[in-house]
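For reference, my_file_21.cif (mmCIF, C-alpha atoms and all ligand atoms):
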data_start
#
loop_
_atom_site.label_atom_id
_atom_site.label_comp_id
_atom_site.auth_asym_id
_atom_site.auth_seq_id
_atom_site.Cartn_x
_atom_site.Cartn_y
_atom_site.Cartn_z
CA MET L 202 -18.67 4.81 31.79
CA ALA L 203 -18.72 1.93 34.21
CA HIS L 204 -16.01 -0.15 32.60
CA ASP L 205 -14.42 -2.90 34.65
CA GLU L 206 -10.70 -2.37 34.28
CA PRO L 207 -8.69 -5.52 34.88
CA GLN L 208 -5.57 -3.47 35.72
CA LYS L 209 -7.32 -1.43 38.38
CA PRO L 210 -5.32 -1.52 41.63
CA ALA L 211 -6.90 -2.08 45.03
CA GLY L 212 -7.44 1.22 46.88
CA PRO L 213 -7.61 4.66 45.30
CA ALA L 214 -5.15 5.23 42.47
CA LYS L 215 -3.99 8.82 42.45
CA LEU L 216 -2.13 10.17 39.47
CA VAL L 217 -0.31 13.49 39.58
CA ILE L 218 1.15 14.97 36.40
CA ARG L 219 3.23 18.05 37.16
CA ASN L 220 5.53 20.43 35.35
CA ILE L 221 3.27 20.54 32.27
CA GLY L 222 4.61 23.21 29.92
CA LEU L 223 1.45 23.64 27.84
CA LEU L 224 -2.01 22.34 28.71
CA LEU L 225 -4.43 21.98 25.79
CA SER L 226 -8.01 21.73 27.03
CA GLY L 227 -9.82 20.38 23.96
CA LYS L 228 -12.25 23.30 24.27
CA LEU L 229 -12.55 25.67 21.33
CA GLU L 230 -13.65 28.52 23.57
CA ALA L 231 -10.56 28.23 25.80
CA PRO L 232 -8.05 25.93 24.10
CA ILE L 233 -5.10 26.68 26.41
CA LEU L 234 -5.39 26.37 30.18
CA ASP L 235 -3.34 28.38 32.63
CA ALA L 236 -2.20 25.37 34.63
CA ASP L 237 0.80 23.08 35.03
CA THR L 238 -0.65 20.18 37.03
CA VAL L 239 -3.40 17.62 36.52
CA VAL L 240 -4.58 15.23 39.22
CA ALA L 241 -6.75 12.16 38.65
CA VAL L 242 -8.20 9.71 41.16
CA ASP L 243 -9.38 6.29 40.02
CA GLY L 244 -9.25 7.35 36.39
CA ARG L 245 -11.16 10.64 36.72
CA ILE L 246 -9.73 14.15 36.67
CA THR L 247 -10.11 15.69 40.14
CA ALA L 248 -8.02 18.85 39.82
CA VAL L 249 -6.41 21.05 37.16
CA GLY L 250 -4.32 24.03 38.23
CA ARG L 251 -0.99 25.34 39.47
CA GLU L 252 0.96 22.78 41.47
CA LYS L 253 0.93 24.94 44.63
CA ASP L 254 -2.87 25.23 44.46
CA VAL L 255 -3.88 21.59 44.01
CA ASP L 256 -3.80 18.62 46.37
CA THR L 257 -1.00 16.33 45.26
CA GLU L 258 -0.73 14.40 48.56
CA GLY L 259 -0.88 10.62 48.53
CA ALA L 260 -0.15 10.15 44.83
CA THR L 261 0.35 6.55 43.75
CA THR L 262 1.88 7.66 40.43
CA VAL L 263 3.76 10.91 39.81
CA ILE L 264 4.73 12.00 36.33
CA ASP L 265 7.12 14.85 35.65
CA ALA L 266 6.05 16.21 32.28
CA HIS L 267 9.40 18.05 31.98
CA GLY L 268 7.71 21.04 30.37
CA THR L 269 5.99 19.09 27.60
CA THR L 270 2.42 19.47 26.31
CA LEU L 271 -0.58 17.59 27.67
CA ALA L 272 -3.80 17.26 25.67
CA PRO L 273 -6.87 15.06 25.96
CA GLY L 274 -6.33 11.68 24.30
CA LEU L 275 -7.28 11.93 20.63
CA ILE L 276 -10.62 10.57 19.43
CA ASP L 277 -10.99 8.91 16.05
CA SER L 278 -14.63 9.50 15.13
CA HIS L 279 -14.66 7.01 12.24
CA VAL L 280 -13.13 3.54 12.27
CA HIS L 281 -14.17 0.12 10.99
CA PRO L 282 -13.10 -2.44 13.60
CA VAL L 283 -14.00 -6.10 13.24
CA ILE L 284 -12.75 -8.18 16.13
CA GLY L 285 -9.96 -7.78 18.65
CA ASP L 286 -6.92 -5.99 17.32
CA TRP L 287 -7.12 -7.53 13.84
CA THR L 288 -8.42 -6.08 10.62
CA PRO L 289 -9.16 -8.31 7.66
CA ARG L 290 -9.28 -5.33 5.27
CA GLN L 291 -5.51 -5.05 5.14
CA ASN L 292 -4.92 -8.21 7.16
CA GLN L 293 -3.08 -6.42 9.91
CA ILE L 294 -2.73 -7.35 13.54
CA GLY L 295 -2.18 -4.70 16.20
CA TRP L 296 -3.62 -1.76 14.26
CA ILE L 297 -5.49 -0.34 17.25
CA ASP L 298 -2.40 -0.49 19.46
CA SER L 299 -0.50 1.21 16.66
CA ASN L 300 -3.06 4.04 16.71
CA LEU L 301 -2.52 4.39 20.45
CA HIS L 302 1.08 5.20 19.56
CA GLY L 303 -0.45 7.96 17.43
CA GLY L 304 -2.22 9.40 20.48
CA VAL L 305 -5.67 7.88 19.87
CA THR L 306 -7.30 6.73 23.10
CA THR L 307 -10.91 6.46 21.89
CA MET L 308 -12.38 5.16 18.63
CA ILE L 309 -15.93 5.23 17.33
CA SER L 310 -17.10 2.50 14.98
CA ALA L 311 -18.91 3.56 11.82
CA GLY L 312 -19.90 -0.06 11.27
CA GLU L 313 -18.13 -3.41 11.48
CA VAL L 314 -18.49 -3.68 7.73
CA HIS L 315 -15.25 -5.52 7.06
CA MET L 316 -16.43 -8.62 8.92
CA PRO L 317 -15.83 -11.51 6.51
CA GLY L 318 -19.23 -12.94 5.55
CA ARG L 319 -21.05 -10.02 7.17
CA PRO L 320 -24.73 -10.98 7.64
CA ARG L 321 -27.25 -8.66 6.01
CA ASP L 322 -30.47 -10.28 7.22
CA VAL L 323 -32.08 -8.46 10.11
CA VAL L 324 -31.53 -11.10 12.80
CA GLY L 325 -27.94 -11.57 11.69
CA LEU L 326 -27.03 -7.90 11.56
CA LYS L 327 -28.57 -7.27 14.97
CA ALA L 328 -26.70 -10.22 16.46
CA MET L 329 -23.43 -8.99 14.96
CA ALA L 330 -23.91 -5.47 16.32
CA ILE L 331 -24.64 -6.72 19.83
CA PHE L 332 -21.69 -9.09 19.62
CA ALA L 333 -19.32 -6.28 18.52
CA GLN L 334 -20.58 -3.96 21.25
CA ARG L 335 -19.97 -6.63 23.87
CA ALA L 336 -16.64 -7.81 22.52
CA PHE L 337 -15.06 -4.35 22.44
CA TRP L 338 -16.60 -3.45 25.79
CA ASN L 339 -14.85 -6.46 27.28
CA LEU L 340 -11.56 -6.07 25.42
CA ARG L 341 -9.68 -2.84 24.92
CA PRO L 342 -6.67 -3.36 22.70
CA GLY L 343 -3.77 -1.50 24.34
CA GLY L 344 -6.32 0.15 26.62
CA VAL L 345 -8.02 2.00 23.72
CA LYS L 346 -11.75 2.54 24.20
CA VAL L 347 -13.43 1.24 21.06
CA HIS L 348 -17.11 2.13 20.91
CA ALA L 349 -18.35 -0.54 18.54
CA GLY L 350 -21.55 -2.36 17.67
CA ALA L 351 -22.80 -0.12 14.86
CA PRO L 352 -25.34 -1.96 12.70
CA VAL L 353 -25.73 -1.03 9.05
CA ILE L 354 -29.42 -0.54 8.29
CA GLU L 355 -31.30 -2.66 5.77
CA CYS L 356 -34.73 -2.01 4.20
CA GLU L 357 -36.46 -4.85 6.06
CA MET L 358 -35.89 -3.31 9.51
CA VAL L 359 -38.85 -2.13 11.60
CA GLU L 360 -39.07 0.19 14.60
CA GLU L 361 -39.05 -2.72 17.04
CA ASP L 362 -35.56 -3.68 15.80
CA PHE L 363 -34.14 -0.34 16.92
CA LYS L 364 -35.86 -0.60 20.28
CA GLU L 365 -34.40 -4.06 20.73
CA LEU L 366 -30.89 -2.96 19.69
CA ALA L 367 -30.99 -0.02 22.11
CA ALA L 368 -32.21 -2.22 24.95
CA ALA L 369 -29.28 -4.56 24.25
CA GLY L 370 -26.75 -1.72 24.61
CA VAL L 371 -26.26 -0.62 21.01
CA LYS L 372 -25.64 3.14 20.89
CA LEU L 373 -24.48 3.74 17.32
CA LEU L 374 -25.61 3.16 13.76
CA GLY L 375 -23.03 2.25 11.15
CA GLU L 376 -22.79 4.43 8.06
CA VAL L 377 -26.18 4.72 6.42
CA GLY L 378 -25.72 3.82 2.78
CA LEU L 379 -23.35 0.89 3.28
CA GLY L 380 -26.33 -1.45 3.42
CA GLY L 381 -29.49 -1.70 1.34
CA VAL L 382 -30.91 1.65 2.49
CA LYS L 383 -29.63 4.31 0.10
CA ASP L 384 -32.68 6.55 -0.35
CA GLY L 385 -33.57 9.63 1.70
CA PRO L 386 -37.09 8.75 2.89
CA THR L 387 -36.23 5.25 4.19
CA ALA L 388 -33.03 6.51 5.79
CA ARG L 389 -34.86 9.39 7.48
CA LYS L 390 -37.51 7.07 8.92
CA MET L 391 -34.94 4.63 10.36
CA VAL L 392 -32.60 7.36 11.62
CA GLY L 393 -35.64 8.78 13.42
CA TRP L 394 -36.33 5.41 15.05
CA ALA L 395 -32.69 5.15 16.06
CA ARG L 396 -32.74 8.64 17.58
CA LYS L 397 -35.98 7.89 19.46
CA TYR L 398 -34.19 5.05 21.27
CA GLY L 399 -30.94 6.95 21.90
CA ILE L 400 -28.89 5.49 19.05
CA GLN L 401 -26.58 8.01 17.33
CA SER L 402 -26.34 7.90 13.55
CA THR L 403 -23.89 8.66 10.76
CA ILE L 404 -24.00 8.43 6.97
CA HIS L 405 -21.60 7.61 4.16
CA THR L 406 -21.23 10.87 2.24
CA GLY L 407 -19.88 10.98 -1.31
CA GLY L 408 -19.06 8.52 -4.05
CA PRO L 409 -18.82 4.74 -3.66
CA SER L 410 -16.03 3.56 -1.37
CA ILE L 411 -15.39 0.17 -2.97
CA PRO L 412 -16.99 -1.74 -5.85
CA GLY L 413 -20.54 -2.62 -4.81
CA SER L 414 -21.19 0.47 -2.72
CA GLY L 415 -23.06 3.53 -3.99
CA LEU L 416 -23.23 7.31 -4.21
CA ILE L 417 -24.79 9.28 -1.35
CA ASP L 418 -25.33 12.87 -2.45
CA LYS L 419 -26.40 16.04 -0.62
CA ASP L 420 -30.13 15.36 -1.06
CA VAL L 421 -29.90 11.97 0.66
CA VAL L 422 -27.58 13.35 3.37
CA LEU L 423 -29.91 16.25 4.20
CA GLU L 424 -33.06 14.14 4.08
CA ALA L 425 -31.60 11.32 6.19
CA ASP L 426 -30.62 13.90 8.85
CA THR L 427 -28.13 11.72 10.70
CA ASP L 428 -26.42 13.12 13.80
CA VAL L 429 -23.07 13.12 12.03
CA VAL L 430 -22.42 13.77 8.34
CA GLY L 431 -19.87 10.98 8.00
CA HIS L 432 -16.73 11.80 5.98
CA ILE L 433 -18.09 14.95 4.35
CA ASN L 434 -14.80 15.03 2.41
CA GLY L 435 -15.55 11.61 0.93
CA GLY L 436 -14.37 8.15 1.68
CA HIS L 437 -12.66 8.21 -0.77
CA THR L 438 -14.57 10.30 -3.36
CA ALA L 439 -15.91 13.67 -2.23
CA LEU L 440 -19.06 15.43 -3.42
CA PRO L 441 -18.57 18.61 -5.47
CA ASP L 442 -17.91 21.77 -3.47
CA ASP L 443 -21.40 23.21 -4.05
CA GLN L 444 -22.94 20.09 -2.50
CA ILE L 445 -20.56 20.23 0.47
CA ARG L 446 -21.57 23.85 1.01
CA CYS L 447 -25.27 22.89 0.82
CA ILE L 448 -24.77 20.24 3.50
CA CYS L 449 -22.83 22.60 5.80
CA GLU L 450 -25.48 25.28 5.44
CA GLY L 451 -28.50 22.98 5.26
CA CYS L 452 -28.17 21.32 8.65
CA LYS L 453 -26.64 21.79 12.08
CA ARG L 454 -25.24 18.26 12.34
CA GLY L 455 -21.64 17.17 12.89
CA LEU L 456 -19.27 17.63 9.95
CA GLU L 457 -16.79 14.79 9.98
CA ILE L 458 -13.53 15.08 8.05
CA VAL L 459 -11.49 11.91 7.51
CA HIS L 460 -7.91 11.05 6.59
CA ASN L 461 -9.16 8.55 4.02
CA GLY L 462 -10.96 11.28 2.07
CA ASN L 463 -10.22 14.15 -0.27
CA GLU L 464 -7.84 16.60 1.41
CA ARG L 465 -8.84 19.57 -0.74
CA SER L 466 -12.50 18.97 0.19
CA ALA L 467 -11.44 18.69 3.84
CA LEU L 468 -9.90 22.16 3.64
CA TYR L 469 -12.99 23.47 1.82
CA THR L 470 -15.26 22.10 4.58
CA LEU L 471 -13.06 23.66 7.24
CA ARG L 472 -13.25 27.02 5.48
CA ILE L 473 -17.05 26.93 5.17
CA ALA L 474 -17.50 25.86 8.79
CA ARG L 475 -15.26 28.71 9.99
CA GLU L 476 -17.05 31.24 7.83
CA MET L 477 -20.33 30.09 9.37
CA GLY L 478 -18.91 30.29 12.90
CA ASP L 479 -19.56 26.56 13.20
CA LEU L 480 -16.08 25.21 13.95
CA HIS L 481 -17.61 23.29 16.87
CA ARG L 482 -19.36 21.05 14.33
CA VAL L 483 -16.10 19.80 12.80
CA ILE L 484 -14.78 16.45 14.05
CA LEU L 485 -12.01 14.19 12.79
CA GLY L 486 -11.71 10.53 11.85
CA THR L 487 -9.50 8.29 9.79
CA ASP L 488 -12.02 5.83 8.22
CA ALA L 489 -9.32 3.23 8.85
CA PRO L 490 -8.84 0.45 8.12
CA ALA L 491 -9.75 1.15 4.53
CA GLY L 492 -8.47 0.72 1.03
CA SER L 493 -5.83 3.31 1.80
CA GLY L 494 -4.76 1.31 4.81
CA VAL L 495 -4.31 1.70 8.52
CA GLN L 496 -3.12 5.16 9.53
CA PRO L 497 -1.65 5.05 13.03
CA LEU L 498 -0.81 8.75 12.81
CA GLY L 499 -3.94 9.63 10.82
CA ILE L 500 -5.57 11.86 13.42
CA LEU L 501 -2.31 13.71 14.12
CA ARG L 502 -1.79 14.12 10.38
CA MET L 503 -5.29 15.62 10.04
CA VAL L 504 -4.58 18.03 12.88
CA SER L 505 -1.33 19.10 11.25
CA MET L 506 -2.81 19.28 7.73
CA LEU L 507 -5.81 21.38 8.78
CA SER L 508 -3.63 23.60 10.95
CA SER L 509 -0.92 24.21 8.34
CA LEU L 510 -2.80 24.26 5.02
CA GLY L 511 -6.06 25.44 6.59
CA GLU L 512 -4.28 28.10 8.64
CA LEU L 513 -6.06 27.03 11.79
CA PRO L 514 -4.16 27.71 15.05
CA ALA L 515 -2.85 24.34 16.26
CA GLU L 516 -4.49 24.64 19.67
CA LEU L 517 -7.86 24.85 17.87
CA ALA L 518 -7.02 22.04 15.47
CA PHE L 519 -6.49 19.71 18.46
CA CYS L 520 -10.04 20.54 19.64
CA LEU L 521 -11.46 19.01 16.46
CA ALA L 522 -9.96 15.67 17.48
CA THR L 523 -10.85 15.88 21.17
CA GLY L 524 -13.46 18.16 22.74
CA ASN L 525 -15.60 18.65 19.64
CA THR L 526 -15.99 14.90 19.16
CA ALA L 527 -16.54 14.21 22.85
CA ARG L 528 -19.29 16.81 23.08
CA MET L 529 -21.01 15.72 19.90
CA ARG L 530 -20.84 12.05 20.79
CA GLN L 531 -21.53 12.50 24.48
CA LEU L 532 -18.29 10.88 25.61
CA ASP L 533 -16.85 11.38 29.08
CA CYS L 534 -13.33 12.01 27.74
CA GLY L 535 -11.90 14.55 25.30
CA LEU L 536 -11.73 17.58 27.59
CA ILE L 537 -9.40 18.52 30.42
CA GLU L 538 -11.89 19.28 33.16
CA VAL L 539 -12.80 17.88 36.56
CA GLY L 540 -14.97 14.77 36.36
CA ARG L 541 -13.79 13.74 32.90
CA SER L 542 -11.97 10.53 32.16
CA ALA L 543 -8.20 10.82 32.66
CA ASP L 544 -7.27 10.03 29.05
CA PHE L 545 -4.25 12.04 27.94
CA VAL L 546 -1.58 12.32 25.31
CA ILE L 547 1.68 14.00 26.29
CA MET L 548 3.65 15.45 23.40
CA ASP L 549 6.49 17.74 22.49
CA LYS L 550 7.82 19.37 19.37
CA ALA L 551 9.48 16.69 17.24
CA GLN L 552 13.25 16.72 17.24
CA HIS L 553 14.64 19.11 14.62
CA SER L 554 11.20 20.42 13.65
CA PRO L 555 11.14 24.15 12.89
CA GLY L 556 9.03 26.48 15.00
CA LYS L 557 9.82 27.77 18.45
CA ASN L 558 7.28 25.50 20.15
CA ILE L 559 4.93 22.58 19.47
CA LEU L 560 2.09 24.80 18.26
CA GLU L 561 4.27 26.60 15.72
CA SER L 562 5.75 23.32 14.57
CA VAL L 563 2.27 21.82 13.93
CA GLN L 564 1.20 25.01 12.15
CA LEU L 565 4.25 24.58 9.93
CA GLY L 566 2.91 21.14 8.96
CA ASP L 567 5.00 18.81 11.13
CA LEU L 568 3.74 16.14 13.49
CA PRO L 569 4.48 16.40 17.19
CA GLY L 570 6.37 13.63 18.96
CA ILE L 571 4.37 11.65 21.50
CA GLY L 572 6.10 10.86 24.78
CA MET L 573 3.29 9.13 26.67
CA THR L 574 -0.35 8.06 26.53
CA ILE L 575 -2.59 7.62 29.56
CA ILE L 576 -6.06 6.05 29.65
CA ASP L 577 -8.23 6.05 32.78
CA GLY L 578 -5.29 7.44 34.72
CA ILE L 579 -3.02 4.52 33.78
CA VAL L 580 0.16 4.96 31.73
CA ARG L 581 -0.32 2.89 28.55
CA THR L 582 2.66 3.80 26.39
CA GLN L 583 5.81 5.85 26.77
CA ARG L 584 7.87 7.23 23.87
CA SER L 585 5.84 6.50 20.73
CA ARG L 586 7.21 3.93 18.32
CA ASN L 587 5.38 5.70 15.46
CA THR L 588 5.74 9.47 15.76
CA PRO L 589 8.98 11.31 15.13
CA PRO L 590 10.91 11.40 18.41
CA ALA L 591 9.77 14.11 20.79
CA GLY L 592 12.35 16.66 21.90
CA LYS L 593 11.51 16.11 25.57
CA VAL L 594 9.56 13.21 27.07
CA PRO L 595 7.69 12.94 30.38
CA GLU L 596 8.97 10.61 33.05
CA VAL L 597 7.31 8.48 35.71
CA VAL L 598 9.17 9.66 38.83
CA ALA L 599 7.25 7.83 41.54
CA LYS L 600 5.06 4.78 41.52
ZN ZN L 701 -18.01 5.50 4.22
#
Translate the structure of the given file into C-alpha cells.
Amino acid sequence: MAHDEPQKPAGPAKLVIRNIGLLLSGKLEAPILDADTVVAVDGRITAVGREKDVDTEGATTVIDAHGTTLAPGLIDSHVHPVIGDWTPRQNQIGWIDSNLHGGVTTMISAGEVHMPGRPRDVVGLKAMAIFAQRAFWNLRPGGVKVHAGAPVIECEMVEEDFKELAAAGVKLLGEVGLGGVKDGPTARKMVGWARKYGIQSTIHTGGPSIPGSGLIDKDVVLEADTDVVGHINGGHTALPDDQIRCICEGCKRGLEIVHNGNERSALYTLRIAREMGDLHRVILGTDAPAGSGVQPLGILRMVSMLSSLGELPAELAFCLATGNTARMRQLDCGLIEVGRSADFVIMDKAQHSPGKNILESVQLGDLPGIGMTIIDGIVRTQRSRNTPPAGKVPEVVAK
C-alpha cells in the first residue's frame, strides 16, 4: 500500500528486533517460526531468522524483545468507524487508539452505518463511501490502518454505480442487509457487480442488530454469496446451529466470528470449520462500536476464548486474527514474511497468569500482556494501558 506516512524519516529507516523468544507467523500451516530476529526497512520486513544469519548492520532502531513473543499486528475484520477517532454509537473518543493498545493494527469497515443522518439515496451513499475511504486513508488514528469506505447497498443501485465506486477507490461493501436490500436475488446481483469491479463484500448474518434492522437467514446468505459471511455467530442474535452448519458447508467463503455475537455459536462455528478442515476460512472481528460497546481487547478476548473453550492451540488461534484475515482480504500485513508490512504486536504472558508460557496461559483463558505495537516499522505504543501487565516487555535500546 502506497500510504504517505507523515512520520517517515528521511533516508532508509531500518528496524531490528532481536532476542525474540517466540515468533508467531500468522500462518496456520507453520504458526511458529524458528527465528529470534526480524528486520524491516522502510516499513517492510526484509529478513526473518537467527540473529547471526541476518544483516542487522546500519539499524536506525534496535529493539531488544527480552525473550517476549512477536506476532503480526492483529486485524479486526469487522468494525463500524464513522469519522476520525470518534464513534457516535457510544459517544466515545479515542476508541481506535484504545484498540491499538489491544494489539489491533488494522481494521476493516463493515459499513459506516453509525454516521448520524446517514444518507440512503444512491448519490448520497456513494459520496459518503468515497469520503470515508479518503478520510481514513489520510488519517490513521494512533497509526492504525482503517480500511473504510464501505457503502451499504440499496435497491435503486445499478451496475454503473459499482463501477464508479471502484474507480473512485472503494474496495469494500458494507454489510449487505443493513440497507434496503434484504432479499437473496437482489443481493446476489449487486454482490456480483461489486466483485466484477474488485469490491469485496460481506453480509449481516443472523437476527436484527437494532430496532429497524432485519433478519438475514441462511438462504439469503448462501444466495447473496458475499466474499465474507459477516458475523456468522450473529451481531447480536445468531442463526440456529443447523443454519450455521448449512452456511459452513454450503459455501467456501470466509466465516467471520465477532466479539459482539453469540459466543456459543462462535464455538459451534469453530468446531464445524475444524471438522471440515476449513480453519483457514475463520477470521475474527469485534463488530465494535456496537450496542455492546467498544471492545479494545475484543480481538485478544476472541483469541483467548476460542483457544480455551474451543480447545484450539493458541498459536493457531492467533492466525485467525492475523494471517487468515490478511489472506482473505488481500492485505499486505498479517504474516511474518519478507515483503510484508512491518506491523507487529509484542506480548508476554500476563503477570501472575498460570501456564508455563504465553501459549499455555492463553489456552487457559487468560489474555496476554502487550508490551509494544509497531506499524510500518515504527513503534506506536509501549506497555499497553489496557491489557494486564506483561511479565516482560521489549525495550528500544538504540535509536
Ligand atoms: Zn451486522
Using all atoms listed in the file, which residues of chain L come within 12 Å of ligand ZN 701 (chain L), and what is the closest atom pair for each, with the distance in Å to one decimal? Give it as a Markdown table, sorted by chain and residue number.
| residue | atom | partner | partner_atom | distance |
| --- | --- | --- | --- | --- |
| L:His279 | CA | L:ZN701 | ZN | 8.8 |
| L:Val280 | CA | L:ZN701 | ZN | 9.6 |
| L:His281 | CA | L:ZN701 | ZN | 9.5 |
| L:Ser310 | CA | L:ZN701 | ZN | 11.2 |
| L:Ala311 | CA | L:ZN701 | ZN | 7.9 |
| L:Gly312 | CA | L:ZN701 | ZN | 9.2 |
| L:Glu313 | CA | L:ZN701 | ZN | 11.5 |
| L:Val314 | CA | L:ZN701 | ZN | 9.8 |
| L:His315 | CA | L:ZN701 | ZN | 11.7 |
| L:Val353 | CA | L:ZN701 | ZN | 11.2 |
| L:Gly375 | CA | L:ZN701 | ZN | 9.2 |
| L:Glu376 | CA | L:ZN701 | ZN | 6.2 |
| L:Val377 | CA | L:ZN701 | ZN | 8.5 |
| L:Gly378 | CA | L:ZN701 | ZN | 8.0 |
| L:Leu379 | CA | L:ZN701 | ZN | 7.1 |
| L:Gly380 | CA | L:ZN701 | ZN | 10.9 |
| L:Thr403 | CA | L:ZN701 | ZN | 9.3 |
| L:Ile404 | CA | L:ZN701 | ZN | 7.2 |
| L:His405 | CA | L:ZN701 | ZN | 4.2 |
| L:Thr406 | CA | L:ZN701 | ZN | 6.6 |
| L:Gly407 | CA | L:ZN701 | ZN | 8.0 |
| L:Gly408 | CA | L:ZN701 | ZN | 8.9 |
| L:Pro409 | CA | L:ZN701 | ZN | 8.0 |
| L:Ser410 | CA | L:ZN701 | ZN | 6.2 |
| L:Ile411 | CA | L:ZN701 | ZN | 9.3 |
| L:Ser414 | CA | L:ZN701 | ZN | 9.1 |
| L:Gly415 | CA | L:ZN701 | ZN | 9.8 |
| L:Leu416 | CA | L:ZN701 | ZN | 10.1 |
| L:Ile417 | CA | L:ZN701 | ZN | 9.6 |
| L:Val430 | CA | L:ZN701 | ZN | 10.2 |
| L:Gly431 | CA | L:ZN701 | ZN | 6.9 |
| L:His432 | CA | L:ZN701 | ZN | 6.7 |
| L:Ile433 | CA | L:ZN701 | ZN | 9.5 |
| L:Asn434 | CA | L:ZN701 | ZN | 10.2 |
| L:Gly435 | CA | L:ZN701 | ZN | 7.4 |
| L:Gly436 | CA | L:ZN701 | ZN | 5.2 |
| L:His437 | CA | L:ZN701 | ZN | 7.8 |
| L:Thr438 | CA | L:ZN701 | ZN | 9.6 |
| L:Ala439 | CA | L:ZN701 | ZN | 10.6 |
| L:Glu457 | CA | L:ZN701 | ZN | 11.0 |
| L:Ile458 | CA | L:ZN701 | ZN | 11.2 |
| L:Val459 | CA | L:ZN701 | ZN | 9.7 |
| L:His460 | CA | L:ZN701 | ZN | 11.8 |
| L:Asn461 | CA | L:ZN701 | ZN | 9.4 |
| L:Gly462 | CA | L:ZN701 | ZN | 9.4 |
| L:Gly486 | CA | L:ZN701 | ZN | 11.1 |
| L:Thr487 | CA | L:ZN701 | ZN | 10.5 |
| L:Asp488 | CA | L:ZN701 | ZN | 7.2 |
| L:Ala489 | CA | L:ZN701 | ZN | 10.1 |
| L:Pro490 | CA | L:ZN701 | ZN | 11.2 |
| L:Ala491 | CA | L:ZN701 | ZN | 9.3 |
| L:Gly492 | CA | L:ZN701 | ZN | 11.1 |
- Message: Which residue is closest to L:Thr306? Choose from L:Val347, L:Val495, L:Ala333, L:Leu510 and count only C-alpha atoms.
- Response: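 Counting only C-alpha atoms, the residue closest to L:Thr306 is L:Val347.
Going from atom CA of L:Gly494 to atom CA of L:Ile579 covers 29.2 Å.
Close to (-16.2, 29.3, 4.1), meaning no more than 12 Å away when counting only C-alpha atoms, sit the residues Asp442, Asp443, Ile445, Arg446, Cys447, Cys449, Glu450, Ser466, Ala467, Leu468, Tyr469, Thr470, Leu471, Arg472, Ile473, Ala474, Arg475, Glu476, Met477, Gly478, Asp479, Leu480 and Gly511 of chain L.
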- Query: Of the candidates L:Met573, L:Leu224, L:Ala388, L:Val263, which shows the shortest atom-to-atom distance to L:Phe519, using all atoms listed in the file?
  - Reply: L:Leu224
- Message: as a count of residues only, please: the residues near L:Cys520 (cut-off 6 Å, only C-alpha atoms, same-chain neighbours under 2 positions excluded).
- Response: 9
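The nearest approach to L:Val598 among the residues L:Leu234, L:Ala330, L:Leu216, L:Ile537, with all atoms listed in the file taken into account, belongs to L:Leu216.
Proximity of L:Val504, L:Val217, L:Leu536, L:Leu225 to L:Thr261, computed with only C-alpha atoms, is greatest for L:Val217.
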- Task: Rank L:Pro441, L:Gly318, L:Gly578, L:Pro386 by their smallest atom-to-atom distance to L:Pro273, using only C-alpha atoms, and report the top residue only.
- Result: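 When distances to L:Pro273 are compared using only C-alpha atoms, the smallest one comes from L:Gly578.
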- Quick one: distance from atom CA of L:Leu485 to atom CA of L:Leu456 in Å, one decimal?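 A separation of 8.5 Å between them.
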- Query: So which one's closest to L:Ile575, L:Gly285, L:Pro595, L:Pro317, L:Pro555? Using all atoms listed in the file, please.
  - Reply: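 Among L:Gly285, L:Pro595, L:Pro317, L:Pro555, it is L:Pro595 that comes nearest to L:Ile575.
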- Item | d(atom CA of L:Phe363, atom CA of L:Gln334) in Å |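 Going from atom CA of L:Phe363 over to atom CA of L:Gln334 covers 14.7 Å.
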- Message: Could you list, as a PyMOL selection string, every residue within 7 Å of L:Ala591, counting all atoms listed in the file and ignoring same-chain residues fewer than 5 positions away?
- Response: chain L and resi 548-552+569-572
Report, as AutoDock Vina command-line options, the axis-aligned box around all atoms of stretch 506-524 of chain L present in the file, extended by 8 Å on each side; give centre and edge lengths in Å to one decimal place.
--center_x -7.2 --center_y 21.9 --center_z 13.9 --size_x 28.5 --size_y 28.4 --size_z 33.7
- Item | Answer as a ChimeraX atom specification, residues within 12 Å of (4.9, 9.7, 21.0) using only C-alpha atoms | /L:269-271,274,299-305,497-498,501,545-552,568-575,581-595
